[in-house]
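Engineer: Once you've had a glance at the structure underneath, I'll fire off some questions.
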Amino acid sequence: MSARKAGQGGEPGNYEYVTARVRSRRSVLFDEDDYRKLIRMGTGEIARFMEETEYEAEMNALGSRESGVDLIEYALNRNLAKHFEDLLRWADGQLYDYIARYLRKFDAWNIKTAIRGVYSDASADAIETDYIRAGELDGEQLERMANAESIKSIIDMLEPSIFGDALEDAYGDYERTDLLVPLENAVDRTFYEDIDEGLPSASDADTPDRLYIEFITAEIDFRNVRNALRIARSGADMDPSAYFIDGGRLFDADELRQLASNTEQLVEHIRQSVYSDDIEEALDMLEEAGDLTEFENALDAALLEYGDRLSNRYPLSVCPVVAYVLAKEREVDNIRAIARGREADLSLEEIETELITL
């Protein structure tokens, strides 16, 4: 991700231009009909299908040296990074700052990807395939993390970064439990603490700041739900409230600890919250979720639905841009899940449970 554009931070930004470009990009994202076609294809057919879409350039550029699922995944990640780099290239002023802050989430993603890969003894190539190169960590840093011999080595590499202290503090809990939750939570918590650095409180903010904060607040709420459920279902002796991320408005730490072990009460709590009118479809999905994967996918769908509602309500704002980032992420996640599922010979029903749709 490129550095801040010098001298532009004080201007409001070119919202009309960027949101128009984003609407155009959003219109060509895959829809549910495309996913229904893809899950009935083999990996070779999926690759050929993608060559007829806006992934054509990446598929052609990589096709001479990659094949199968590797070709699909490399093309997906390269395309994703290209689109997010375009957002930064288009945006000016305050809008650029909002987008740059938000895209640092991919630094968090890549750190967690490296940690998970080393934890599961994945190869460096496999780890690098899962990177999304849209954050501020450069290629050399990402390569070093993928080739690390231990999780502690990754933490040592990140010591100079904003994530260093939090990961060091969480390492003891990781060693005690042999679960990645403490480390992943430390990364997420650092990202969300950093993203609103210097911004006013929502009550004091003007409209652009307020909408941005409102969206980030929702993302924190759903991240807290996800973390609490993972802890509750792990069976480990861990208090969900100890991994609570400040900045949401749906729960406090004690409420989350009480609700984490009762999914029905948790869904009802969300139904009675400020989000209820904006995520009706996703709440129905939450109630019907049969396992943790389906519940987490429903949470992702809820955030996507919420972003779309804000975008419709405030079309000339940062909301359509952030909602597009989420939607593009979901497209890439869905195509990757289908390709991997087909390669593993999963049933259509098993693959469908991995998809995030509304």
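Every chain in the structure tokens has a letter given in the order shown (A, B, ...), and although residue numbers restart at 1 in each chain, ligands are simply numbered from 1 in the order shown.
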With a distance cut-off of 9 Å and only C-alpha atoms, select the neighbouring residues of stretch 187-194 of chain A, excluding the residue or stretch itself and same-chain residues fewer than 4 positions from it, and output the selection as a PyMOL selection string.
Structural biologist: chain A and resi 101+104-105+107-109+111-112+162-164+166-167+182-183+198+216+220+223+243-247
Engineer: Considering only C-alpha atoms, return as a ChimeraX atom specification whatever protein or nucleic-acid residues lie within 12 Å of A:Tyr102, sequence-local ones (same chain, fewer than 6 positions apart) excluded.
Structural biologist: /A:1,84,87-88,95-96,108,134-136,191-197,212-213,215-216,219,318-319,321-326
Engineer: Would you please extract all alpha helix (DSSP H) residues from stretch 141-342 of chain A, as assigned by DSSP on the backbone, and give them as an MDAnalysis selection string?
Structural biologist: chainID A and resid 141:146 151:157 164:177 181:195 207:234 253:259 263:271 280:288 292:313 319:342
Engineer: Between atom CA of A:Ala218 and atom CA of A:Tyr15, what is the distance, to one decimal in Å?
Structural biologist: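 Rounded to one decimal, the two atoms are 21.9 Å apart.
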Engineer: Tell me which protein, DNA and RNA residues are within 12 Å of A:Phe49, counting only C-alpha atoms, leaving out same-chain ones fewer than 6 positions away, and put them as number ranges by chain.
Structural biologist: A: 30, 34-35, 37-43, 55-56, 59, 72, 335, 339
Engineer: Can you work out which one of A:Asp156, A:Glu45, A:Glu54, A:Glu305 has the shortest atom-to-atom distance to A:Ser27, counting only C-alpha atoms?
Structural biologist: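 Using only C-alpha atoms, A:Ser27 sits closest to A:Glu54.
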Engineer: Restricting the calculation to only C-alpha atoms, which member of A:Phe251, A:Leu76, A:Pro12, A:Ile231 is positioned closest to A:Gln272?
Structural biologist: A:Phe251
Engineer: What separation in Å, quoted to one decimal, exists between atom CA of A:Arg309 and atom CA of A:Asp277?
Structural biologist: 9.6 Å
Engineer: Of the candidates A:Tyr119, A:Asp130, A:Ala81, A:Ala170, which shows the shortest atom-to-atom distance to A:Ala148, using only C-alpha atoms?
Structural biologist: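 Nearest candidate to A:Ala148 out of A:Tyr119, A:Asp130, A:Ala81, A:Ala170: A:Tyr119.
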Engineer: For atom CA of A:Gly290 and atom CA of A:Leu304, quote the distance in Å rounded to one decimal.
Structural biologist: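 If I compute the distance from atom CA of A:Gly290 to atom CA of A:Leu304, I get 20.4 Å.
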